[in-house]
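Engineer: Contents of input32.cif (mmCIF, C-alpha atoms and all ligand atoms) are given next:
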data_upload
loop_
_atom_site.group_PDB
_atom_site.id
_atom_site.type_symbol
_atom_site.label_atom_id
_atom_site.label_comp_id
_atom_site.auth_asym_id
_atom_site.auth_seq_id
_atom_site.Cartn_x
_atom_site.Cartn_y
_atom_site.Cartn_z
ATOM 1 C CA MET G 827 -117.868 -3.034 -104.621
ATOM 2 C CA THR G 828 -114.374 -1.663 -104.063
ATOM 3 C CA GLN G 829 -112.525 -2.315 -100.825
ATOM 4 C CA ASN G 830 -113.104 1.266 -99.761
ATOM 5 C CA GLU G 831 -116.821 0.826 -100.193
ATOM 6 C CA GLN G 832 -117.110 -2.344 -98.166
ATOM 7 C CA ALA G 833 -117.809 -0.547 -94.918
ATOM 8 C CA VAL G 834 -120.892 1.625 -95.123
ATOM 9 C CA SER G 835 -121.978 3.294 -91.909
ATOM 10 C CA ALA G 836 -125.546 3.310 -90.614
ATOM 11 C CA SER G 837 -125.878 6.897 -91.856
ATOM 12 C CA GLY G 838 -125.130 5.668 -95.375
ATOM 13 C CA ARG G 839 -121.712 7.320 -95.486
ATOM 14 C CA HIS G 840 -118.611 5.286 -96.186
ATOM 15 C CA ALA G 841 -116.773 4.401 -93.002
ATOM 16 C CA PRO G 842 -112.963 4.309 -92.981
ATOM 17 C CA LEU G 843 -111.450 0.981 -93.952
ATOM 18 C CA PRO G 844 -110.071 -0.971 -90.974
ATOM 19 C CA PRO G 845 -106.270 -1.168 -91.016
ATOM 20 C CA ILE G 846 -104.618 -4.564 -91.565
ATOM 21 C CA HIS G 847 -101.795 -5.235 -89.095
ATOM 22 C CA GLY G 848 -98.781 -7.548 -89.392
ATOM 23 C CA PRO G 849 -96.948 -9.964 -87.063
ATOM 24 C CA GLU G 850 -95.106 -7.124 -85.308
ATOM 25 C CA ALA G 851 -98.404 -5.553 -84.315
ATOM 26 C CA PHE G 852 -99.714 -8.886 -83.060
ATOM 27 C CA ALA G 853 -96.586 -9.291 -80.916
ATOM 28 C CA GLY G 854 -97.106 -5.788 -79.508
ATOM 29 C CA MET G 855 -100.799 -6.431 -78.871
ATOM 30 C CA ARG G 856 -99.995 -9.679 -77.034
ATOM 31 C CA ARG G 857 -97.731 -7.773 -74.639
ATOM 32 C CA ALA G 858 -100.198 -4.918 -74.164
ATOM 33 C CA GLY G 859 -103.166 -7.265 -73.751
ATOM 34 C CA ARG G 860 -101.372 -9.423 -71.225
ATOM 35 C CA LEU G 861 -100.194 -6.526 -69.067
ATOM 36 C CA THR G 862 -103.656 -4.935 -69.142
ATOM 37 C CA ALA G 863 -105.294 -8.230 -68.131
ATOM 38 C CA GLU G 864 -102.738 -8.534 -65.312
ATOM 39 C CA ALA G 865 -103.654 -5.041 -64.109
ATOM 40 C CA LEU G 866 -107.334 -6.002 -64.206
ATOM 41 C CA ASP G 867 -106.571 -9.092 -62.102
ATOM 42 C CA VAL G 868 -105.068 -6.786 -59.464
ATOM 43 C CA LEU G 869 -108.177 -4.567 -59.545
ATOM 44 C CA MET G 870 -110.574 -7.545 -59.370
ATOM 45 C CA GLU G 871 -108.819 -8.828 -56.256
ATOM 46 C CA ALA G 872 -109.037 -5.397 -54.589
ATOM 47 C CA VAL G 873 -112.828 -5.078 -54.938
ATOM 48 C CA ALA G 874 -114.648 -5.370 -51.585
ATOM 49 C CA PRO G 875 -117.392 -3.571 -49.659
ATOM 50 C CA GLY G 876 -116.056 -0.207 -48.409
ATOM 51 C CA VAL G 877 -113.377 0.138 -51.099
ATOM 52 C CA THR G 878 -113.757 3.305 -53.186
ATOM 53 C CA THR G 879 -113.544 3.336 -56.976
ATOM 54 C CA GLU G 880 -111.031 6.160 -56.509
ATOM 55 C CA ALA G 881 -108.760 3.687 -54.660
ATOM 56 C CA LEU G 882 -109.107 1.218 -57.569
ATOM 57 C CA ASP G 883 -108.219 4.026 -59.978
ATOM 58 C CA ARG G 884 -105.061 4.831 -57.999
ATOM 59 C CA LEU G 885 -104.148 1.150 -58.008
ATOM 60 C CA ALA G 886 -104.499 1.075 -61.794
ATOM 61 C CA TYR G 887 -102.426 4.226 -62.254
ATOM 62 C CA THR G 888 -99.671 2.923 -59.950
ATOM 63 C CA PHE G 889 -99.660 -0.454 -61.727
ATOM 64 C CA ALA G 890 -99.264 1.295 -65.077
ATOM 65 C CA MET G 891 -96.398 3.483 -63.834
ATOM 66 C CA ASP G 892 -94.640 0.504 -62.218
ATOM 67 C CA HIS G 893 -94.780 -1.426 -65.502
ATOM 68 C CA GLY G 894 -93.766 1.281 -67.988
ATOM 69 C CA ALA G 895 -97.306 1.609 -69.301
ATOM 70 C CA TYR G 896 -99.770 4.499 -69.607
ATOM 71 C CA PRO G 897 -103.544 4.395 -68.963
ATOM 72 C CA ALA G 898 -105.155 5.307 -72.288
ATOM 73 C CA SER G 899 -108.290 6.828 -70.764
ATOM 74 C CA LEU G 900 -106.355 9.350 -68.597
ATOM 75 C CA PHE G 901 -106.995 12.776 -70.220
ATOM 76 C CA TYR G 902 -108.514 11.046 -73.264
ATOM 77 C CA ARG G 903 -110.988 13.645 -74.635
ATOM 78 C CA GLY G 904 -110.936 15.237 -71.177
ATOM 79 C CA TYR G 905 -111.692 12.023 -69.253
ATOM 80 C CA PRO G 906 -110.124 12.563 -65.802
ATOM 81 C CA LYS G 907 -109.220 9.020 -64.626
ATOM 82 C CA SER G 908 -107.193 5.905 -65.466
ATOM 83 C CA ILE G 909 -110.122 3.455 -65.488
ATOM 84 C CA CYS G 910 -113.903 3.438 -65.822
ATOM 85 C CA THR G 911 -115.943 2.024 -62.927
ATOM 86 C CA SER G 912 -119.588 1.417 -63.823
ATOM 87 C CA ILE G 913 -121.801 0.326 -60.929
ATOM 88 C CA ASN G 914 -125.239 -1.414 -61.170
ATOM 89 C CA HIS G 915 -127.411 0.647 -63.588
ATOM 90 C CA VAL G 916 -124.360 2.482 -64.954
ATOM 91 C CA VAL G 917 -123.820 1.086 -68.460
ATOM 92 C CA CYS G 918 -120.285 2.380 -69.057
ATOM 93 C CA HIS G 919 -117.837 5.273 -68.532
ATOM 94 C CA GLY G 920 -118.559 5.638 -64.808
ATOM 95 C CA ILE G 921 -115.932 7.968 -63.287
ATOM 96 C CA PRO G 922 -114.098 6.722 -60.170
ATOM 97 C CA ASN G 923 -114.979 8.712 -57.035
ATOM 98 C CA ASP G 924 -114.691 8.587 -53.244
ATOM 99 C CA LYS G 925 -117.969 6.723 -52.636
ATOM 100 C CA PRO G 926 -117.394 3.292 -51.092
ATOM 101 C CA LEU G 927 -118.615 0.200 -52.944
ATOM 102 C CA ARG G 928 -121.524 -1.489 -51.162
ATOM 103 C CA GLU G 929 -122.232 -5.165 -50.539
ATOM 104 C CA GLY G 930 -124.391 -6.453 -53.403
ATOM 105 C CA ASP G 931 -123.123 -3.974 -56.039
ATOM 106 C CA ILE G 932 -121.925 -5.241 -59.391
ATOM 107 C CA VAL G 933 -119.202 -3.090 -60.928
ATOM 108 C CA ASN G 934 -117.577 -3.097 -64.352
ATOM 109 C CA LEU G 935 -113.858 -2.282 -64.277
ATOM 110 C CA ASP G 936 -112.630 -1.088 -67.693
ATOM 111 C CA ILE G 937 -108.935 -0.506 -68.270
ATOM 112 C CA CYS G 938 -106.851 0.199 -71.362
ATOM 113 C CA LEU G 939 -103.063 0.313 -71.026
ATOM 114 C CA ILE G 940 -100.655 1.579 -73.672
ATOM 115 C CA VAL G 941 -97.536 -0.632 -73.789
ATOM 116 C CA ASP G 942 -94.800 0.310 -76.281
ATOM 117 C CA GLY G 943 -97.465 2.233 -78.184
ATOM 118 C CA TRP G 944 -99.952 -0.669 -78.389
ATOM 119 C CA HIS G 945 -103.389 -0.559 -76.705
ATOM 120 C CA GLY G 946 -104.795 -3.432 -74.625
ATOM 121 C CA ASP G 947 -108.440 -2.739 -73.743
ATOM 122 C CA THR G 948 -110.412 -5.032 -71.427
ATOM 123 C CA SER G 949 -113.182 -4.981 -68.862
ATOM 124 C CA ARG G 950 -114.893 -7.399 -66.513
ATOM 125 C CA MET G 951 -117.653 -7.384 -63.927
ATOM 126 C CA ALA G 952 -116.717 -7.721 -60.258
ATOM 127 C CA TYR G 953 -119.034 -8.638 -57.383
ATOM 128 C CA VAL G 954 -118.922 -6.530 -54.239
ATOM 129 C CA GLY G 955 -119.370 -9.179 -51.569
ATOM 130 C CA GLU G 956 -122.395 -11.360 -52.196
ATOM 131 C CA VAL G 957 -124.674 -10.234 -55.051
ATOM 132 C CA SER G 958 -128.267 -11.158 -55.926
ATOM 133 C CA ARG G 959 -129.021 -14.142 -58.163
ATOM 134 C CA LYS G 960 -130.459 -11.857 -60.820
ATOM 135 C CA ALA G 961 -127.299 -9.714 -60.848
ATOM 136 C CA GLN G 962 -125.163 -12.845 -61.051
ATOM 137 C CA ARG G 963 -127.327 -14.193 -63.870
ATOM 138 C CA LEU G 964 -126.940 -10.922 -65.839
ATOM 139 C CA CYS G 965 -123.154 -11.032 -65.456
ATOM 140 C CA GLU G 966 -123.009 -14.677 -66.577
ATOM 141 C CA ILE G 967 -125.199 -13.970 -69.613
ATOM 142 C CA THR G 968 -123.063 -10.960 -70.539
ATOM 143 C CA HIS G 969 -119.814 -12.929 -70.324
ATOM 144 C CA GLU G 970 -121.378 -15.637 -72.479
ATOM 145 C CA CYS G 971 -122.405 -12.916 -74.983
ATOM 146 C CA LEU G 972 -118.781 -11.743 -75.191
ATOM 147 C CA MET G 973 -117.434 -15.255 -75.745
ATOM 148 C CA ARG G 974 -120.128 -16.141 -78.320
ATOM 149 C CA GLY G 975 -119.431 -12.889 -80.153
ATOM 150 C CA ILE G 976 -115.714 -13.714 -80.351
ATOM 151 C CA ALA G 977 -116.447 -17.328 -81.379
ATOM 152 C CA ALA G 978 -118.438 -15.930 -84.327
ATOM 153 C CA ILE G 979 -115.231 -14.463 -85.845
ATOM 154 C CA LYS G 980 -114.520 -16.920 -88.682
ATOM 155 C CA PRO G 981 -112.764 -16.672 -92.062
ATOM 156 C CA GLY G 982 -115.171 -15.449 -94.732
ATOM 157 C CA GLY G 983 -117.508 -13.895 -92.160
ATOM 158 C CA SER G 984 -118.188 -10.280 -91.241
ATOM 159 C CA THR G 985 -118.795 -8.046 -88.229
ATOM 160 C CA THR G 986 -122.555 -8.681 -88.351
ATOM 161 C CA ASP G 987 -121.837 -12.283 -87.276
ATOM 162 C CA ILE G 988 -120.627 -10.904 -83.923
ATOM 163 C CA GLY G 989 -123.747 -8.793 -83.438
ATOM 164 C CA ARG G 990 -126.035 -11.627 -84.452
ATOM 165 C CA ALA G 991 -124.459 -14.105 -82.012
ATOM 166 C CA ILE G 992 -124.631 -11.630 -79.118
ATOM 167 C CA GLN G 993 -128.148 -10.353 -79.788
ATOM 168 C CA ALA G 994 -129.588 -13.843 -80.309
ATOM 169 C CA TYR G 995 -128.205 -15.124 -77.005
ATOM 170 C CA ALA G 996 -129.031 -11.994 -74.958
ATOM 171 C CA GLU G 997 -132.613 -11.813 -76.202
ATOM 172 C CA ALA G 998 -133.185 -15.561 -75.782
ATOM 173 C CA GLU G 999 -132.279 -14.925 -72.131
ATOM 174 C CA ARG G 1000 -134.808 -12.039 -71.989
ATOM 175 C CA CYS G 1001 -132.096 -9.393 -71.788
ATOM 176 C CA THR G 1002 -131.433 -6.460 -74.148
ATOM 177 C CA VAL G 1003 -128.371 -5.206 -76.050
ATOM 178 C CA VAL G 1004 -127.260 -1.575 -75.648
ATOM 179 C CA ARG G 1005 -127.164 0.218 -79.033
ATOM 180 C CA ASP G 1006 -125.466 3.485 -78.106
ATOM 181 C CA PHE G 1007 -121.949 2.122 -77.503
ATOM 182 C CA CYS G 1008 -119.938 -0.352 -79.523
ATOM 183 C CA GLY G 1009 -116.617 -2.127 -79.882
ATOM 184 C CA HIS G 1010 -113.855 -0.525 -81.925
ATOM 185 C CA GLY G 1011 -110.709 -1.118 -83.862
ATOM 186 C CA LEU G 1012 -107.506 -0.316 -81.967
ATOM 187 C CA GLY G 1013 -103.754 -0.767 -82.181
ATOM 188 C CA ARG G 1014 -101.452 2.224 -81.960
ATOM 189 C CA THR G 1015 -104.653 4.273 -81.597
ATOM 190 C CA TYR G 1016 -107.368 3.796 -78.961
ATOM 191 C CA HIS G 1017 -110.443 4.000 -81.176
ATOM 192 C CA ASP G 1018 -110.147 3.082 -84.851
ATOM 193 C CA ALA G 1019 -112.169 1.318 -87.568
ATOM 194 C CA PRO G 1020 -113.989 -1.037 -87.644
ATOM 195 C CA THR G 1021 -116.968 -0.336 -85.428
ATOM 196 C CA ILE G 1022 -118.179 -3.515 -83.725
ATOM 197 C CA LEU G 1023 -121.942 -3.445 -83.160
ATOM 198 C CA HIS G 1024 -123.295 -5.922 -80.616
ATOM 199 C CA TYR G 1025 -126.616 -6.253 -82.467
ATOM 200 C CA VAL G 1026 -127.652 -6.772 -86.075
ATOM 201 C CA GLU G 1027 -127.542 -3.614 -88.217
ATOM 202 C CA PRO G 1028 -127.340 -4.709 -91.862
ATOM 203 C CA SER G 1029 -126.295 -1.250 -93.087
ATOM 204 C CA TYR G 1030 -122.930 -1.544 -91.304
ATOM 205 C CA ASP G 1031 -121.055 -4.696 -92.178
ATOM 206 C CA VAL G 1032 -117.295 -5.191 -92.563
ATOM 207 C CA LYS G 1033 -115.742 -8.418 -93.862
ATOM 208 C CA PHE G 1034 -113.249 -10.097 -91.502
ATOM 209 C CA GLN G 1035 -109.657 -10.101 -92.715
ATOM 210 C CA PRO G 1036 -106.620 -11.521 -90.936
ATOM 211 C CA GLY G 1037 -104.720 -8.637 -89.355
ATOM 212 C CA GLN G 1038 -107.724 -6.678 -88.132
ATOM 213 C CA LEU G 1039 -107.550 -5.673 -84.456
ATOM 214 C CA PHE G 1040 -110.638 -4.714 -82.488
ATOM 215 C CA THR G 1041 -112.542 -5.030 -79.216
ATOM 216 C CA VAL G 1042 -115.755 -6.899 -78.510
ATOM 217 C CA GLU G 1043 -117.475 -5.308 -75.499
ATOM 218 C CA PRO G 1044 -121.201 -6.011 -75.240
ATOM 219 C CA MET G 1045 -123.302 -4.059 -72.736
ATOM 220 C CA ILE G 1046 -126.376 -6.092 -71.738
ATOM 221 C CA ASN G 1047 -129.367 -4.823 -69.708
ATOM 222 C CA LEU G 1048 -131.999 -6.609 -67.644
ATOM 223 C CA GLY G 1049 -134.560 -3.988 -68.740
ATOM 224 C CA ARG G 1050 -134.878 -1.742 -71.781
ATOM 225 C CA PRO G 1051 -131.827 -1.002 -73.951
ATOM 226 C CA ALA G 1052 -132.169 2.811 -73.799
ATOM 227 C CA VAL G 1053 -129.305 4.773 -72.263
ATOM 228 C CA LYS G 1054 -128.738 8.385 -71.203
ATOM 229 C CA VAL G 1055 -125.515 10.235 -70.385
ATOM 230 C CA LEU G 1056 -125.438 12.171 -67.096
ATOM 231 C CA SER G 1057 -124.478 15.861 -66.813
ATOM 232 C CA ASP G 1058 -120.812 14.982 -66.130
ATOM 233 C CA GLY G 1059 -120.669 14.224 -69.855
ATOM 234 C CA TRP G 1060 -119.452 10.637 -69.375
ATOM 235 C CA THR G 1061 -121.541 8.435 -67.066
ATOM 236 C CA ALA G 1062 -124.004 6.430 -69.166
ATOM 237 C CA VAL G 1063 -126.959 4.896 -67.298
ATOM 238 C CA THR G 1064 -129.990 2.832 -68.266
ATOM 239 C CA ARG G 1065 -133.017 5.121 -68.664
ATOM 240 C CA ASP G 1066 -135.187 2.655 -66.733
ATOM 241 C CA ARG G 1067 -132.438 2.249 -64.078
ATOM 242 C CA SER G 1068 -132.309 -1.509 -64.726
ATOM 243 C CA LEU G 1069 -129.058 -3.377 -64.087
ATOM 244 C CA SER G 1070 -126.446 -3.379 -66.843
ATOM 245 C CA ALA G 1071 -123.300 -5.485 -67.304
ATOM 246 C CA GLN G 1072 -120.345 -5.505 -69.703
ATOM 247 C CA PHE G 1073 -117.284 -7.599 -70.514
ATOM 248 C CA GLU G 1074 -114.574 -6.639 -73.021
ATOM 249 C CA HIS G 1075 -111.701 -8.390 -74.775
ATOM 250 C CA THR G 1076 -109.196 -7.134 -77.335
ATOM 251 C CA VAL G 1077 -108.819 -9.578 -80.239
ATOM 252 C CA GLY G 1078 -106.936 -9.982 -83.503
ATOM 253 C CA VAL G 1079 -108.391 -11.693 -86.570
ATOM 254 C CA THR G 1080 -106.262 -14.652 -87.721
ATOM 255 C CA GLU G 1081 -106.414 -17.077 -90.685
ATOM 256 C CA THR G 1082 -108.577 -19.410 -88.605
ATOM 257 C CA GLY G 1083 -110.631 -17.163 -86.279
ATOM 258 C CA ALA G 1084 -109.636 -14.758 -83.536
ATOM 259 C CA GLU G 1085 -106.796 -14.518 -81.036
ATOM 260 C CA ILE G 1086 -107.779 -13.078 -77.633
ATOM 261 C CA PHE G 1087 -105.044 -10.828 -76.212
ATOM 262 C CA THR G 1088 -106.628 -10.019 -72.847
ATOM 263 C CA PHE G 1089 -107.234 -13.366 -71.118
ATOM 264 C CA SER G 1090 -106.864 -13.161 -67.329
ATOM 265 C CA PRO G 1091 -103.470 -14.664 -66.377
ATOM 266 C CA LYS G 1092 -105.037 -15.679 -63.041
ATOM 267 C CA GLY G 1093 -108.219 -17.134 -64.564
ATOM 268 C CA LEU G 1094 -110.343 -14.375 -63.011
ATOM 269 C CA HIS G 1095 -112.410 -13.954 -66.172
ATOM 270 C CA GLN G 1096 -115.716 -14.260 -64.276
ATOM 271 C CA PRO G 1097 -116.527 -13.076 -60.761
ATOM 272 C CA VAL G 1098 -117.725 -15.593 -58.153
ATOM 273 C CA ASN G 1099 -120.194 -15.162 -55.327
ATOM 274 C CA PRO G 1100 -118.369 -15.794 -52.011
ATOM 275 C CA ALA G 1101 -121.061 -18.180 -50.738
ATOM 276 C CA ALA G 1102 -121.432 -20.074 -54.039
HETATM 277 N N1 LIG W 1 -112.240 1.725 -72.360
HETATM 278 C C1 LIG W 1 -113.445 2.231 -72.986
HETATM 279 C C2 LIG W 1 -113.680 1.348 -74.177
HETATM 280 O O1 LIG W 1 -113.748 0.167 -73.997
HETATM 281 C C3 LIG W 1 -113.307 3.646 -73.413
HETATM 282 C C4 LIG W 1 -113.264 4.560 -72.268
HETATM 283 S S1 LIG W 1 -113.008 6.134 -72.852
HETATM 284 C C5 LIG W 1 -112.948 7.002 -71.439
HETATM 285 O O2 LIG W 1 -113.728 1.742 -75.315
HETATM 286 F F1 LIG W 1 -112.511 8.153 -71.780
HETATM 287 F F2 LIG W 1 -114.157 7.009 -70.903
HETATM 288 F F3 LIG W 1 -112.130 6.421 -70.596
HETATM 289 CO CO CO W 2 -113.018 -0.622 -75.764
HETATM 290 CO CO CO W 3 -112.501 -0.612 -72.476
#
When written as structure tokens, how does the structure in this file appear?
Structural biologist:
Amino acid sequence: MTQNEQAVSASGRHAPLPPIHGPEAFAGMRRAGRLTAEALDVLMEAVAPGVTTEALDRLAYTFAMDHGAYPASLFYRGYPKSICTSINHVVCHGIPNDKPLREGDIVNLDICLIVDGWHGDTSRMAYVGEVSRKAQRLCEITHECLMRGIAAIKPGGSTTDIGRAIQAYAEAERCTVVRDFCGHGLGRTYHDAPTILHYVEPSYDVKFQPGQLFTVEPMINLGRPAVKVLSDGWTAVTRDRSLSAQFEHTVGVTETGAEIFTFSPKGLHQPVNPAA
């Protein structure tokens, strides 16, 4: 098998080969990842009952402008906002609006900032006030899925190792893995090869190589995995309206495993219930 044949998509066609990046790219990704994670810290701390997702979006835009960065999602393929805000049964790509967050909501905040041309892409769940135990449990399982997926990145392995680790844990916890959205290569572009599936699909498998840059961003549901996109063309929801959660990190493959670029500088990687 030639290098160009190593990535075969689920449709049987050959997928583009993931680019291999050097030390300069890693330095750029560290800066972009850190600033993006800092922006997400600001957003996490602003979440409260009564706050609108529109206000969070403005906060993100202002943060980007104040730090010489640009929000990658703004005008990306016609997307109108700087962040995605996905509440409760919204799986991903929820569009910020003027509806206030309500006590008990769980909301995914997804932000990607471009810093000196490099993309840092990260998302976390936030709790709006006190949330139910089952919502909290879903968020904890989903964060664990992300971290297990990243821990599966080892020399000699391949992208299926990520999917296997995530699917095994999610399903052991009686949750399901969303199939319709996946992680992606990134760097100077927002969405690049390789595709990172969060479940096992043997027909798409790419060997890890130091210098690859991609996201891991599992979406995990309490109910069935099926998703539909609303008429706005973006908002993806669970078909059975069950709760969905997601966490995302941007990583780089190294000689020994993976480097995470988007750790929270303030340690706000996981939300906490106020009463807990
Ligand atoms: N940030 C999302 C991701 O993790 C992509 C959002 S695209 C948008 O890949 F246009 F919806 F913003
Ligand atoms: Co992403
Ligand atoms: Co993202």
Engineer: I'd like to know which of G:Ile921, G:Cys910, G:Ala977, G:Ala1019 is closest to ligand CO 3 (chain W), using all atoms listed in the file.
Structural biologist: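 Closest residue, counting all atoms listed in the file: G:Cys910.
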Engineer: For ligand CO 3 (chain W), list the contacting residues at 6 Å or closer, counting only C-alpha atoms and all ligand atoms, as an NGL selection string.
Structural biologist: :G and (936-938 or 947-949)
Engineer: Write a file of the just-selected residues containing C-alpha atoms, as an mmCIF file, in the frame of the given file.
Structural biologist:
data_model
loop_
_atom_site.group_PDB
_atom_site.id
_atom_site.type_symbol
_atom_site.label_atom_id
_atom_site.label_comp_id
_atom_site.auth_asym_id
_atom_site.auth_seq_id
_atom_site.Cartn_x
_atom_site.Cartn_y
_atom_site.Cartn_z
ATOM 1 C CA ASP G 936 -112.630 -1.088 -67.693
ATOM 2 C CA ILE G 937 -108.935 -0.506 -68.270
ATOM 3 C CA CYS G 938 -106.851 0.199 -71.362
ATOM 4 C CA ASP G 947 -108.440 -2.739 -73.743
ATOM 5 C CA THR G 948 -110.412 -5.032 -71.427
ATOM 6 C CA SER G 949 -113.182 -4.981 -68.862
#
Engineer: Give me the residues near His1017 of chain G as a ChimeraX atom specification, where near means some atom within 10 Å (using only C-alpha atoms) and where sequence neighbours in that chain fewer than 6 positions away do not count.
Structural biologist: /G:945,1009-1011,1040-1041
Engineer: Please evaluate the PyMOL selection byres (((chain G and resi 1005) around 9) and not hetatm) against the structure above and give the resulting residues as a tab-separated table (two decimals) with C-alpha atoms, in the coordinates of the input.
Structural biologist:
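The file below, out-v2.tsv, is the result:
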chain	number	residue	atom	x	y	z
G	1003	VAL	CA	-128.37	-5.21	-76.05
G	1004	VAL	CA	-127.26	-1.58	-75.65
G	1006	ASP	CA	-125.47	3.48	-78.11
G	1007	PHE	CA	-121.95	2.12	-77.50
G	1008	CYS	CA	-119.94	-0.35	-79.52
G	1023	LEU	CA	-121.94	-3.44	-83.16
G	1024	HIS	CA	-123.30	-5.92	-80.62
G	1025	TYR	CA	-126.62	-6.25	-82.47
G	1045	MET	CA	-123.30	-4.06	-72.74
G	1051	PRO	CA	-131.83	-1.00	-73.95
G	1052	ALA	CA	-132.17	2.81	-73.80
G	1053	VAL	CA	-129.30	4.77	-72.26
Engineer: Which residues, written as a PyMOL selection string, have at least one atom at most 10 Å from Pro926 of chain G, with only C-alpha atoms counted and residues fewer than 3 positions away on the same chain left out?
Structural biologist: chain G and resi 874-881+923+929
Engineer: The PyMOL selection byres (((chain G and resi 942) around 9) and not hetatm) on the file shown: which residues, as a list of chain:residue names?
Structural biologist: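 Residues picked by the PyMOL selection byres (((chain G and resi 942) around 9) and not hetatm): G:Gly854, G:Arg857, G:Ala858, G:Gly894, G:Ala895, G:Ile940, G:Val941, G:Gly943, G:Trp944, G:His945, G:Arg1014.
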Engineer: Go through G:Pro1097, G:Gly1083, G:Gly1059, G:Pro1044 and flag the residue nearest ligand CO 2 (chain W), using all atoms listed in the file for the distances.
Structural biologist: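 With all atoms listed in the file as the atom set, the closest residue is G:Pro1044.
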Engineer: Selection in question (the file shown): the PyMOL selection byres (((chain G and resi 1064) around 12) and not hetatm). Which residues does it include, as a compact mmCIF listing (two decimals) with C-alpha atoms, in the frame of the given file?
Structural biologist:
# COMPACT_ATOMS: atom_id res chain seq x y z
CA SER G 912 -119.59 1.42 -63.82
CA ILE G 913 -121.80 0.33 -60.93
CA ASN G 914 -125.24 -1.41 -61.17
CA HIS G 915 -127.41 0.65 -63.59
CA VAL G 916 -124.36 2.48 -64.95
CA VAL G 917 -123.82 1.09 -68.46
CA CYS G 918 -120.28 2.38 -69.06
CA THR G 1002 -131.43 -6.46 -74.15
CA VAL G 1003 -128.37 -5.21 -76.05
CA VAL G 1004 -127.26 -1.58 -75.65
CA ARG G 1005 -127.16 0.22 -79.03
CA ASP G 1006 -125.47 3.48 -78.11
CA MET G 1045 -123.30 -4.06 -72.74
CA ILE G 1046 -126.38 -6.09 -71.74
CA ASN G 1047 -129.37 -4.82 -69.71
CA LEU G 1048 -132.00 -6.61 -67.64
CA GLY G 1049 -134.56 -3.99 -68.74
CA ARG G 1050 -134.88 -1.74 -71.78
CA PRO G 1051 -131.83 -1.00 -73.95
CA ALA G 1052 -132.17 2.81 -73.80
CA VAL G 1053 -129.30 4.77 -72.26
CA LYS G 1054 -128.74 8.38 -71.20
CA VAL G 1055 -125.52 10.24 -70.39
CA LEU G 1056 -125.44 12.17 -67.10
CA THR G 1061 -121.54 8.44 -67.07
CA ALA G 1062 -124.00 6.43 -69.17
CA VAL G 1063 -126.96 4.90 -67.30
CA ARG G 1065 -133.02 5.12 -68.66
CA ASP G 1066 -135.19 2.66 -66.73
CA ARG G 1067 -132.44 2.25 -64.08
CA SER G 1068 -132.31 -1.51 -64.73
CA LEU G 1069 -129.06 -3.38 -64.09
CA SER G 1070 -126.45 -3.38 -66.84
CA ALA G 1071 -123.30 -5.48 -67.30
Engineer: Edge lengths and centre in Å to one decimal, as JSON, is what I'm after for the box along x, y and z that holds all listed atoms of ligand LIG 1 (chain W) once 3 Å is added on each side.
Structural biologist:
{"center_x": -113.1, "center_y": 4.2, "center_z": -73.0, "size_x": 8.0, "size_y": 14.0, "size_z": 10.7}
Engineer: Can you pull out every residue within 8 Å of Arg950 of chain G, counting all atoms listed in the file, but drop anything in the same chain fewer than 3 positions away, and send it as an MDAnalysis selection string?
Structural biologist: chainID G and resid 934:936 1072:1074 1095:1096
Engineer: Using all atoms listed in the file, which residue out of G:Ala872, G:Phe1087, G:Tyr995, G:Trp1060 lies closest to Lys907 of chain G?
Structural biologist: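 Of the candidates, the smallest distance to Lys907 of chain G is held by G:Trp1060.
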Engineer: I need the residue nearest ligand CO 2 (chain W) from this list: G:His969, G:Lys1092, G:Arg990, G:His919. Use only C-alpha atoms and all ligand atoms for the distance.
Structural biologist: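 That would be G:His919, the residue with the smallest distance to ligand CO 2 (chain W).
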